[in-house]
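Pasted below: input39.cif, mmCIF, C-alpha atoms and all ligand atoms.
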data_data
loop_
_atom_site.label_atom_id
_atom_site.label_comp_id
_atom_site.auth_asym_id
_atom_site.auth_seq_id
_atom_site.Cartn_x
_atom_site.Cartn_y
_atom_site.Cartn_z
CA MET D 11 65.21 69.27 -10.93
CA TYR D 12 66.91 68.61 -14.24
CA ASP D 13 70.17 70.31 -13.10
CA LYS D 14 71.08 67.38 -10.87
CA VAL D 15 70.16 64.81 -13.50
CA LYS D 16 72.12 66.75 -16.10
CA GLU D 17 75.21 66.85 -13.91
CA HIS D 18 74.91 63.12 -13.35
CA LEU D 19 74.50 62.36 -17.06
CA VAL D 20 77.39 64.61 -18.12
CA LYS D 21 79.62 62.82 -15.63
CA GLU D 22 78.54 59.34 -16.77
CA ILE D 23 78.95 60.26 -20.43
CA SER D 24 82.43 61.59 -19.81
CA GLU D 25 83.27 58.31 -18.06
CA ILE D 26 82.10 56.44 -21.16
CA ARG D 27 84.30 58.72 -23.25
CA ASN D 28 87.32 58.32 -20.95
CA ALA D 29 86.98 54.54 -21.05
CA GLY D 30 87.19 54.81 -24.85
CA LEU D 31 83.69 53.31 -25.16
CA TYR D 32 81.89 56.31 -26.65
CA LYS D 33 80.06 55.41 -29.84
CA ASN D 34 80.28 57.91 -32.68
CA GLU D 35 78.03 57.64 -35.69
CA ARG D 36 79.41 58.05 -39.16
CA VAL D 37 76.95 59.76 -41.49
CA ILE D 38 76.28 58.17 -44.87
CA VAL D 39 74.82 60.34 -47.62
CA SER D 40 74.24 57.64 -50.23
CA PRO D 41 72.20 54.43 -50.29
CA GLN D 42 73.63 51.48 -48.37
CA GLY D 43 75.87 49.38 -50.59
CA ALA D 44 79.37 48.18 -51.38
CA ASN D 45 80.36 51.77 -52.23
CA ILE D 46 79.08 54.42 -49.88
CA LYS D 47 79.60 58.15 -49.61
CA VAL D 48 79.98 59.72 -46.17
CA ASN D 49 79.25 63.32 -45.20
CA THR D 50 82.92 64.32 -45.35
CA GLY D 51 82.66 63.71 -49.09
CA GLN D 52 84.85 60.61 -48.84
CA GLU D 53 83.79 57.56 -50.84
CA VAL D 54 84.60 54.28 -49.14
CA LEU D 55 84.09 50.57 -49.60
CA ASN D 56 81.73 49.29 -46.95
CA PHE D 57 82.79 46.14 -45.13
CA CYS D 58 80.72 46.52 -41.97
CA ALA D 59 77.07 46.32 -43.04
CA ASN D 60 74.72 43.38 -42.49
CA ASN D 61 73.84 43.81 -46.16
CA TYR D 62 74.95 40.24 -46.83
CA LEU D 63 73.06 39.74 -50.08
CA GLY D 64 73.38 43.32 -51.28
CA LEU D 65 69.59 43.74 -51.19
CA SER D 66 69.54 47.05 -49.27
CA ASN D 67 69.49 48.95 -52.55
CA ASN D 68 68.03 46.28 -54.82
CA PRO D 69 65.97 47.74 -57.71
CA GLU D 70 63.31 44.98 -57.61
CA LEU D 71 62.71 45.44 -53.89
CA ILE D 72 62.59 49.21 -54.29
CA GLN D 73 60.04 48.83 -57.08
CA ALA D 74 57.92 46.43 -55.01
CA ALA D 75 57.99 48.92 -52.12
CA LYS D 76 57.05 51.81 -54.43
CA ASP D 77 54.16 49.88 -55.94
CA ALA D 78 52.82 49.05 -52.48
CA LEU D 79 53.23 52.66 -51.41
CA ASP D 80 50.94 53.62 -54.30
CA SER D 81 48.42 50.82 -53.88
CA ARG D 82 48.34 50.35 -50.07
CA GLY D 83 49.47 53.67 -48.64
CA TYR D 84 52.24 54.71 -46.29
CA GLY D 85 51.41 53.31 -42.85
CA MET D 86 48.85 51.31 -40.91
CA SER D 87 48.31 53.49 -37.82
CA SER D 88 47.26 50.40 -35.92
CA VAL D 89 48.39 47.27 -34.22
CA ARG D 90 47.69 44.08 -36.10
CA PHE D 91 44.64 42.89 -34.17
CA ILE D 92 42.70 46.15 -34.38
CA CYS D 93 43.03 47.27 -38.00
CA GLY D 94 46.72 46.87 -38.85
CA THR D 95 46.59 43.70 -40.94
CA GLN D 96 46.62 43.84 -44.72
CA ASP D 97 46.67 40.89 -47.08
CA LEU D 98 50.35 41.78 -47.57
CA HIS D 99 51.15 41.01 -43.94
CA LYS D 100 49.40 37.65 -44.11
CA GLU D 101 51.13 36.81 -47.38
CA LEU D 102 54.58 37.69 -46.04
CA GLU D 103 53.96 35.57 -42.94
CA GLN D 104 53.06 32.61 -45.11
CA LYS D 105 56.06 33.12 -47.38
CA ILE D 106 58.50 33.28 -44.46
CA ALA D 107 57.05 30.08 -42.99
CA GLU D 108 57.50 28.30 -46.33
CA PHE D 109 61.04 29.65 -46.69
CA PHE D 110 62.10 28.05 -43.41
CA GLY D 111 59.87 24.99 -43.72
CA MET D 112 57.78 26.02 -40.70
CA GLU D 113 54.03 26.09 -40.08
CA ASP D 114 53.21 29.73 -39.44
CA THR D 115 54.85 33.11 -38.86
CA ILE D 116 54.13 36.22 -36.81
CA LEU D 117 55.64 39.59 -37.83
CA TYR D 118 57.08 42.18 -35.47
CA ALA D 119 58.49 45.67 -35.89
CA ALA D 120 61.97 44.20 -35.34
CA CYS D 121 63.64 40.95 -34.30
CA PHE D 122 64.43 42.72 -31.05
CA ASP D 123 60.68 42.65 -30.45
CA ALA D 124 60.30 39.09 -31.71
CA ASN D 125 62.85 37.96 -29.11
CA GLY D 126 61.44 40.29 -26.48
CA GLY D 127 57.98 38.82 -26.90
CA VAL D 128 58.58 35.12 -27.46
CA PHE D 129 59.34 33.70 -24.01
CA GLU D 130 56.86 35.23 -21.60
CA PRO D 131 53.69 34.01 -23.36
CA LEU D 132 54.99 30.44 -23.69
CA LEU D 133 56.82 29.64 -20.46
CA GLY D 134 56.21 30.05 -16.73
CA GLU D 135 58.09 29.54 -13.48
CA GLU D 136 57.89 25.77 -13.71
CA ASP D 137 59.78 25.86 -17.03
CA ALA D 138 63.42 26.31 -18.06
CA ILE D 139 65.20 28.44 -20.65
CA ILE D 140 68.69 27.19 -21.44
CA SER D 141 70.54 29.93 -23.27
CA ASP D 142 73.94 30.21 -24.97
CA ALA D 143 76.17 32.71 -23.14
CA LEU D 144 76.81 34.66 -26.34
CA ASN D 145 73.18 35.06 -27.37
CA HIS D 146 72.04 38.44 -28.66
CA ALA D 147 71.02 41.19 -26.24
CA SER D 148 67.39 40.93 -27.34
CA ILE D 149 67.27 37.26 -26.28
CA ILE D 150 68.76 38.16 -22.92
CA ASP D 151 66.13 40.88 -22.46
CA GLY D 152 63.33 38.57 -23.57
CA VAL D 153 64.43 35.93 -21.07
CA ARG D 154 64.43 38.57 -18.33
CA LEU D 155 60.80 39.36 -19.04
CA CYS D 156 59.81 35.73 -18.52
CA LYS D 157 59.35 33.92 -15.22
CA ALA D 158 60.96 30.69 -16.41
CA GLN D 159 64.09 29.43 -14.63
CA ARG D 160 67.29 30.49 -16.38
CA PHE D 161 70.22 28.29 -17.26
CA ARG D 162 73.21 29.46 -19.25
CA TYR D 163 75.83 27.42 -21.11
CA ASN D 164 79.21 28.52 -22.46
CA ASN D 165 79.21 29.44 -26.12
CA ALA D 166 78.58 26.37 -28.28
CA ASP D 167 79.86 24.17 -25.43
CA MET D 168 77.84 20.94 -25.71
CA ALA D 169 79.18 19.39 -22.49
CA ASP D 170 78.01 22.47 -20.63
CA LEU D 171 74.64 22.43 -22.44
CA GLU D 172 74.18 18.83 -21.34
CA ALA D 173 75.05 19.73 -17.75
CA GLN D 174 72.47 22.52 -17.82
CA LEU D 175 69.83 20.20 -19.29
CA ILE D 176 70.49 17.80 -16.43
CA ALA D 177 70.23 20.66 -13.94
CA ALA D 178 66.87 21.60 -15.48
CA ALA D 179 65.59 18.02 -15.50
CA ASN D 180 62.72 18.66 -13.10
CA CYS D 181 61.25 21.55 -15.06
CA ARG D 182 57.97 21.08 -16.95
CA PHE D 183 59.06 22.44 -20.34
CA LYS D 184 62.64 23.11 -21.46
CA LEU D 185 63.64 25.46 -24.26
CA ILE D 186 67.20 25.65 -25.59
CA VAL D 187 67.89 29.04 -27.18
CA THR D 188 70.75 29.87 -29.50
CA ASP D 189 71.84 32.38 -32.10
CA GLY D 190 72.36 30.68 -35.47
CA VAL D 191 75.53 32.62 -36.16
CA PHE D 192 77.40 34.40 -33.37
CA SER D 193 78.10 37.87 -34.61
CA MET D 194 81.55 38.47 -33.15
CA ASP D 195 83.33 35.29 -34.29
CA GLY D 196 81.12 34.28 -37.22
CA ASN D 197 80.83 30.72 -35.86
CA VAL D 198 77.68 28.70 -36.33
CA ALA D 199 75.76 27.08 -33.47
CA PRO D 200 76.37 23.29 -33.50
CA LEU D 201 72.70 22.65 -34.16
CA ASP D 202 73.18 18.95 -35.00
CA LYS D 203 74.51 18.31 -31.50
CA ILE D 204 72.02 20.65 -29.89
CA TYR D 205 69.27 18.69 -31.65
CA GLU D 206 70.59 15.38 -30.30
CA LEU D 207 70.72 16.75 -26.77
CA ALA D 208 67.26 18.28 -27.12
CA ASN D 209 65.91 14.85 -28.08
CA LYS D 210 67.76 13.10 -25.30
CA TYR D 211 66.52 15.51 -22.62
CA ASN D 212 63.14 16.30 -24.12
CA ALA D 213 63.70 19.98 -24.80
CA MET D 214 62.49 22.35 -27.52
CA ILE D 215 64.85 24.46 -29.63
CA MET D 216 64.69 28.12 -30.63
CA VAL D 217 67.22 29.47 -33.15
CA ASP D 218 67.68 33.16 -33.87
CA GLU D 219 68.66 33.20 -37.55
CA SER D 220 69.25 36.96 -37.77
CA HIS D 221 72.84 36.65 -39.02
CA SER D 222 72.33 33.30 -40.73
CA ALA D 223 69.08 33.65 -42.70
CA GLY D 224 69.89 34.32 -46.33
CA VAL D 225 73.54 33.55 -45.62
CA VAL D 226 74.12 30.07 -44.19
CA GLY D 227 73.14 26.88 -45.98
CA ARG D 228 73.29 26.24 -49.70
CA THR D 229 70.03 28.09 -50.37
CA GLY D 230 70.32 30.53 -47.47
CA ARG D 231 67.70 28.92 -45.24
CA GLY D 232 70.04 29.29 -42.28
CA VAL D 233 71.58 26.83 -39.83
CA THR D 234 68.60 24.50 -39.91
CA GLU D 235 69.41 23.95 -43.59
CA LEU D 236 73.14 23.61 -42.92
CA TYR D 237 72.47 20.71 -40.53
CA ASN D 238 69.59 19.17 -42.46
CA LEU D 239 67.16 20.14 -39.73
CA LYS D 240 64.74 22.25 -41.75
CA GLY D 241 61.39 22.34 -39.97
CA LYS D 242 62.75 20.34 -37.02
CA CYS D 243 63.16 23.14 -34.47
CA GLU D 244 60.09 24.52 -32.73
CA ILE D 245 60.92 28.23 -33.05
CA ILE D 246 62.99 30.38 -35.40
CA THR D 247 63.29 34.13 -35.03
CA GLY D 248 64.85 36.45 -37.59
CA THR D 249 65.06 39.94 -39.02
CA LEU D 250 64.18 41.68 -42.24
CA GLY D 251 66.88 44.19 -41.31
CA LYS D 252 69.98 42.26 -42.37
CA ALA D 253 70.33 39.99 -45.42
CA PHE D 254 66.60 40.22 -46.15
CA GLY D 255 66.64 43.75 -47.58
CA GLY D 256 67.87 45.65 -44.56
CA ALA D 257 64.82 47.85 -43.99
CA ILE D 258 63.00 46.96 -40.75
CA GLY D 259 60.93 44.15 -39.34
CA GLY D 260 61.31 40.88 -37.48
CA PHE D 261 59.51 37.60 -37.25
CA THR D 262 58.98 34.43 -35.29
CA THR D 263 58.22 31.35 -37.36
CA GLY D 264 57.45 27.94 -35.96
CA LYS D 265 54.84 25.46 -34.77
CA LYS D 266 51.37 26.80 -35.45
CA GLU D 267 50.10 26.62 -31.87
CA ILE D 268 53.13 28.59 -30.70
CA ILE D 269 52.50 31.30 -33.28
CA GLU D 270 48.81 31.31 -32.43
CA MET D 271 49.58 31.86 -28.75
CA LEU D 272 52.03 34.66 -29.58
CA ARG D 273 49.30 36.46 -31.54
CA GLN D 274 47.15 36.32 -28.37
CA ARG D 275 49.75 37.18 -25.75
CA SER D 276 53.01 38.56 -27.16
CA ARG D 277 53.25 42.11 -25.90
CA PRO D 278 55.46 43.71 -28.60
CA TYR D 279 52.93 42.35 -31.14
CA LEU D 280 49.81 43.40 -29.29
CA PHE D 281 50.98 46.85 -28.26
CA SER D 282 53.12 48.06 -31.15
CA ASN D 283 52.42 49.20 -34.69
CA SER D 284 52.19 47.00 -37.73
CA ILE D 285 55.05 47.13 -40.26
CA PRO D 286 54.40 49.47 -43.23
CA PRO D 287 52.74 47.84 -46.27
CA MET D 288 55.72 48.72 -48.48
CA VAL D 289 58.05 46.78 -46.17
CA ALA D 290 55.73 43.77 -46.26
CA ALA D 291 55.52 43.97 -50.07
CA ALA D 292 59.29 44.21 -50.49
CA GLY D 293 59.64 41.30 -48.05
CA ILE D 294 57.32 39.17 -50.20
CA LYS D 295 59.37 40.09 -53.28
CA MET D 296 62.57 39.19 -51.43
CA VAL D 297 61.34 35.70 -50.53
CA GLU D 298 60.15 35.18 -54.11
CA MET D 299 63.56 36.18 -55.47
CA MET D 300 65.29 33.77 -53.12
CA SER D 301 62.99 30.95 -54.03
CA LYS D 302 63.94 31.30 -57.70
CA THR D 303 67.72 31.30 -57.53
CA ASN D 304 70.71 30.84 -55.23
CA GLU D 305 72.83 33.25 -57.24
CA LEU D 306 73.32 35.69 -54.38
CA GLN D 307 74.12 32.95 -51.84
CA ASP D 308 76.60 31.41 -54.25
CA LYS D 309 78.33 34.73 -54.79
CA LEU D 310 78.40 35.47 -51.08
CA HIS D 311 79.90 32.07 -50.25
CA GLU D 312 82.48 32.49 -53.01
CA ASN D 313 83.35 36.00 -51.85
CA THR D 314 83.75 34.92 -48.23
CA ALA D 315 85.99 31.98 -49.12
CA TYR D 316 88.10 34.14 -51.44
CA TYR D 317 88.50 36.89 -48.88
CA SER D 318 89.35 34.60 -45.94
CA ASN D 319 91.86 32.57 -47.94
CA LYS D 320 93.66 35.66 -49.25
CA MET D 321 93.78 37.18 -45.77
CA ILE D 322 95.25 33.98 -44.33
CA GLU D 323 97.81 33.92 -47.17
CA ALA D 324 98.71 37.52 -46.31
CA GLY D 325 99.49 36.31 -42.79
CA PHE D 326 96.47 37.51 -40.83
CA ASP D 327 95.02 35.59 -37.92
CA ILE D 328 91.45 34.85 -39.02
CA LYS D 329 88.81 33.09 -36.93
CA PRO D 330 87.38 30.08 -38.76
CA THR D 331 84.03 31.24 -40.14
CA GLN D 332 80.91 29.48 -41.43
CA SER D 333 79.10 32.73 -42.13
CA ALA D 334 79.83 36.01 -43.91
CA ILE D 335 81.54 37.40 -40.81
CA VAL D 336 85.33 37.34 -40.89
CA ALA D 337 87.01 38.27 -37.60
CA VAL D 338 90.55 39.56 -38.15
CA MET D 339 92.16 38.99 -34.75
CA LEU D 340 94.42 41.73 -33.38
CA TYR D 341 93.99 41.04 -29.64
CA ASP D 342 94.95 44.60 -28.62
CA ALA D 343 92.12 47.15 -28.21
CA LYS D 344 94.14 50.22 -29.16
CA LEU D 345 95.60 48.48 -32.18
CA SER D 346 92.11 47.57 -33.40
CA GLN D 347 91.06 51.23 -33.29
CA GLU D 348 94.27 52.45 -34.91
CA MET D 349 94.00 49.89 -37.66
CA ALA D 350 90.35 50.69 -38.41
CA ALA D 351 91.20 54.42 -38.61
CA LYS D 352 94.09 53.78 -41.01
CA LEU D 353 91.93 51.50 -43.14
CA LEU D 354 89.37 54.27 -43.42
CA ASN D 355 92.10 56.52 -44.82
CA GLU D 356 92.66 53.79 -47.39
CA GLY D 357 88.96 53.90 -48.28
CA ILE D 358 87.93 50.76 -46.36
CA TYR D 359 85.16 51.13 -43.80
CA VAL D 360 85.45 48.51 -41.05
CA ILE D 361 84.97 48.55 -37.29
CA GLY D 362 87.32 47.46 -34.52
CA PHE D 363 85.69 45.64 -31.61
CA TYR D 364 87.16 45.30 -28.14
CA PHE D 365 86.15 44.70 -24.53
CA PRO D 366 83.35 44.61 -23.38
CA VAL D 367 81.86 43.77 -26.79
CA VAL D 368 84.35 40.89 -27.09
CA PRO D 369 86.39 39.27 -24.28
CA LYS D 370 89.43 41.13 -22.87
CA ASP D 371 92.54 40.80 -25.08
CA LYS D 372 90.44 39.45 -27.95
CA ALA D 373 90.15 42.74 -29.89
CA ARG D 374 89.57 42.39 -33.58
CA ILE D 375 88.32 43.97 -36.75
CA ARG D 376 85.10 42.41 -37.89
CA VAL D 377 84.79 42.28 -41.66
CA GLN D 378 81.39 41.54 -43.15
CA ILE D 379 81.33 40.21 -46.69
CA SER D 380 78.46 40.88 -49.09
CA ALA D 381 77.25 39.55 -52.40
CA ALA D 382 77.37 43.22 -53.42
CA HIS D 383 81.17 43.09 -53.26
CA GLU D 384 82.90 42.54 -56.59
CA ARG D 385 86.30 40.86 -56.84
CA GLN D 386 87.96 44.27 -57.23
CA HIS D 387 86.39 45.45 -53.94
CA LEU D 388 87.69 42.40 -52.11
CA ASP D 389 91.14 42.84 -53.64
CA LYS D 390 91.22 46.49 -52.63
CA CYS D 391 90.24 45.56 -49.09
CA ILE D 392 92.89 42.83 -48.87
CA ALA D 393 95.56 45.20 -50.27
CA ALA D 394 94.63 47.89 -47.74
CA PHE D 395 94.72 45.40 -44.85
CA THR D 396 98.10 44.15 -46.03
CA LYS D 397 99.55 47.67 -46.32
CA VAL D 398 98.23 48.86 -42.95
CA GLY D 399 98.96 45.50 -41.32
CA LYS D 400 102.63 45.83 -42.29
CA GLU D 401 102.79 49.46 -41.12
CA LEU D 402 101.44 48.45 -37.73
CA GLY D 403 103.54 45.29 -37.47
CA VAL D 404 100.49 43.01 -37.45
CA ILE D 405 101.92 40.98 -40.34
CA LYS D 406 105.44 40.75 -41.74
C1 LIG V 501 70.44 42.01 -35.35
C2 LIG V 501 69.95 40.97 -34.46
C3 LIG V 501 68.72 41.10 -33.81
C4 LIG V 501 67.90 42.36 -33.90
O1 LIG V 501 67.27 42.47 -35.14
P1 LIG V 501 66.44 43.80 -35.46
O2 LIG V 501 65.43 43.36 -36.45
O3 LIG V 501 67.43 44.79 -36.00
O4 LIG V 501 65.83 44.26 -34.19
C5 LIG V 501 68.28 40.05 -33.02
N1 LIG V 501 69.01 38.94 -32.87
C6 LIG V 501 70.21 38.79 -33.46
C7 LIG V 501 70.98 37.53 -33.27
C8 LIG V 501 70.72 39.81 -34.27
O5 LIG V 501 71.91 39.65 -34.83
#

Whole structure, structure tokens version:
Amino acid sequence: MYDKVKEHLVKEISEIRNAGLYKNERVIVSPQGANIKVNTGQEVLNFCANNYLGLSNNPELIQAAKDALDSRGYGMSSVRFICGTQDLHKELEQKIAEFFGMEDTILYAACFDANGGVFEPLLGEEDAIISDALNHASIIDGVRLCKAQRFRYNNADMADLEAQLIAAANCRFKLIVTDGVFSMDGNVAPLDKIYELANKYNAMIMVDESHSAGVVGRTGRGVTELYNLKGKCEIITGTLGKAFGGAIGGFTTGKKEIIEMLRQRSRPYLFSNSIPPMVAAAGIKMVEMMSKTNELQDKLHENTAYYSNKMIEAGFDIKPTQSAIVAVMLYDAKLSQEMAAKLLNEGIYVIGFYFPVVPKDKARIRVQISAAHERQHLDKCIAAFTKVGKELGVIK
């Protein structure tokens, strides 16, 4: 039986390869950080991690995880509602709620699960989900699992959002869903305007702060802080896998009745394992660190401004960014791959993105800035871009 399946898979995989869409994995043999070592022995500067605050290898978080490993063991071997809840899980949930100015939080194994499990328990066929066209794959999948009517608006297009709200006028409940930061351009959702429209048309708001938590807003509380809307949206989802230490874990934080219902009915919560105690403990430590100082946010914001300005001065076409994502526009798919390969030879690890990940003829290199980057790292990256950019005729 497998012979036929195998033949089919080999053919499909070779089509992926021929289309230039095959994903290769580079193997890192050091901790995640600004400097990484790959298995070829090459040491490179990393400009493509979601390690926005440089916490992936933070000594305090590592120590907190080690202490919890000793005091609370390795794993829970249970879902939360059977015997998978420790005091650490409850404490982290409370801390995350306070961080975002929300009422309660529910943890998941990943934000993919948080988004996968948020819609179906809350909304039915008489309701509407109005979703930004560029929302993350996990939101799209979560919406698919729910019977609510689906409306889609063009990325950050408020006229279109309004049109969709009007189209959904007869639905019982309406939920507008948006990423906080869109990961390909680095733009922020216009939450101030979304909030006005939500009020006007009596809709709730859900923001996925995965790329914005820890990054956007003066104290890193995300786009709700940026627009002075802390605690004003009904639902926020986010990840512990990006700025917040980079290990694993996701969460939904929001109105307490919503969280209560998710604990009763959200399938990725009910039927999947609890996060390891050490991850919960390091998460608690992370929130505590961020409640004491904005040092890392300040450095990240400074780094991002420095990098973008220098790249614009060098002549590159940079998308305006309000996050730590800097899209260096190249437009041509092949050029983006060539440029990323040449940059790697210069010791700069970045990734070129092209269709279908971004629209046709909008190929780019996405640079992700971190608080772990020192000025010398940024300068080295800018110098390498300038050198390779000139070689390839991208800049003069
Ligand atoms: C990364 C990301 C996720 C997935 O987070 P995980 O915790 O890695 O599953 C969900 N939504 C958005 C917007 C993301 O950027």

*segment 247-249 of chain D surroundings by all atoms listed in the file, 7 Å radius, close-in-sequence under 2 positions cut, as number ranges by chain*: D: 120-121, 124, 217-220, 245, 251-252, 259-263

*Shell of 10 Å around Val187 of chain D, all atoms listed in the file, local chain residues under 2 positions omitted, as number ranges by chain*: D: 139-143, 145, 149, 153, 162, 184-185, 189-190, 204, 214-218, 245-246

Point (95.5, 49.1, -31.2), cut-off 12 Å, counting only C-alpha atoms, residues as a short mmCIF file (atom, residue, chain, number, x, y, z; two decimals) with C-alpha atoms, in the coordinates of the input:
data_model
loop_
_atom_site.label_atom_id
_atom_site.label_comp_id
_atom_site.auth_asym_id
_atom_site.auth_seq_id
_atom_site.Cartn_x
_atom_site.Cartn_y
_atom_site.Cartn_z
CA GLY D 30 87.19 54.81 -24.85
CA MET D 339 92.16 38.99 -34.75
CA LEU D 340 94.42 41.73 -33.38
CA TYR D 341 93.99 41.04 -29.64
CA ASP D 342 94.95 44.60 -28.62
CA ALA D 343 92.12 47.15 -28.21
CA LYS D 344 94.14 50.22 -29.16
CA LEU D 345 95.60 48.48 -32.18
CA SER D 346 92.11 47.57 -33.40
CA GLN D 347 91.06 51.23 -33.29
CA GLU D 348 94.27 52.45 -34.91
CA MET D 349 94.00 49.89 -37.66
CA ALA D 350 90.35 50.69 -38.41
CA ALA D 351 91.20 54.42 -38.61
CA LYS D 352 94.09 53.78 -41.01
CA GLY D 362 87.32 47.46 -34.52
CA PHE D 363 85.69 45.64 -31.61
CA TYR D 364 87.16 45.30 -28.14
CA ASP D 371 92.54 40.80 -25.08
CA LYS D 372 90.44 39.45 -27.95
CA ALA D 373 90.15 42.74 -29.89
CA ARG D 374 89.57 42.39 -33.58
CA ILE D 375 88.32 43.97 -36.75
CA GLY D 399 98.96 45.50 -41.32
CA LEU D 402 101.44 48.45 -37.73
CA GLY D 403 103.54 45.29 -37.47
CA VAL D 404 100.49 43.01 -37.45
#

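Considering only C-alpha atoms and all ligand atoms, the residue among D:Ile268, D:Ala59, D:Cys156, D:Ile26 positioned nearest to ligand LIG 501 (chain V) is D:Ala59.
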
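One finds atom CA of Leu19 of chain D at 27.7 Å from atom C3 of ligand LIG 501 (chain V).
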
*Counting all atoms listed in the file, the residue of D:Glu135, D:Asp167, D:Glu356, D:Asp123 that sits nearest ligand LIG 501 (chain V)*: D:Asp123

*asked:* Calculated over only C-alpha atoms and all ligand atoms, which of the candidates D:Glu172, D:Asp151, D:Glu323, D:Asp308 has the smallest distance to ligand LIG 501 (chain V)?
replied: D:Asp151

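You can rank D:Asp80, D:Glu103, D:Asp195, D:Glu53 by their closest distance to Val338 of chain D using all atoms listed in the file, and at the top of that list sits D:Asp195.
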
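Among the candidates D:Leu65, D:Met168, D:Ala147, D:Val20, the residue lying nearest to ligand LIG 501 (chain V) is D:Ala147 (atoms considered: all atoms listed in the file).
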
*Shell around Ala315 of chain D at 10 Å using only C-alpha atoms, local window under 2 positions removed, as a ChimeraX atom specification*: /D:309-313,317-321,331-334,336,379

*Would you mind listing what lies within 10 Å of Phe57 of chain D as a PyMOL selection string, with only C-alpha atoms counted and same-chain residues fewer than 2 positions away left out?*
chain D and resi 43-45+54-55+59-62+335+358-361+376-380+383+387-388+391

*asked:* List the spatial neighbours of Leu306 of chain D as a ChimeraX atom specification - criterion: any atom at most 10 Å away, all atoms listed in the file, same-chain residues fewer than 6 positions off excluded.
replied: /D:62-65,224-225,229-230,299-300,312,380-382

Selected residues written out, C-alpha atoms, as a short mmCIF file (atom, residue, chain, number, x, y, z; two decimals), in the coordinates of the input:
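Result file result.cif:
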data_model
loop_
_atom_site.label_atom_id
_atom_site.label_comp_id
_atom_site.auth_asym_id
_atom_site.auth_seq_id
_atom_site.Cartn_x
_atom_site.Cartn_y
_atom_site.Cartn_z
CA TYR D 62 74.95 40.24 -46.83
CA LEU D 63 73.06 39.74 -50.08
CA GLY D 64 73.38 43.32 -51.28
CA LEU D 65 69.59 43.74 -51.19
CA GLY D 224 69.89 34.32 -46.33
CA VAL D 225 73.54 33.55 -45.62
CA THR D 229 70.03 28.09 -50.37
CA GLY D 230 70.32 30.53 -47.47
CA MET D 299 63.56 36.18 -55.47
CA MET D 300 65.29 33.77 -53.12
CA GLU D 312 82.48 32.49 -53.01
CA SER D 380 78.46 40.88 -49.09
CA ALA D 381 77.25 39.55 -52.40
CA ALA D 382 77.37 43.22 -53.42
#

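Atom CA of Pro287 of chain D lies 19.9 Å from atom CA of Phe122 of chain D.
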
Taking all atoms of ligand LIG 501 (chain V) that the file lists, what box with edges along x, y and z, padded by 4 Å per side, do you get, with centre and edge lengths in Å to one decimal, as AutoDock Vina command-line options?
--center_x 68.7 --center_y 41.2 --center_z -34.7 --size_x 14.5 --size_y 15.3 --size_z 11.6
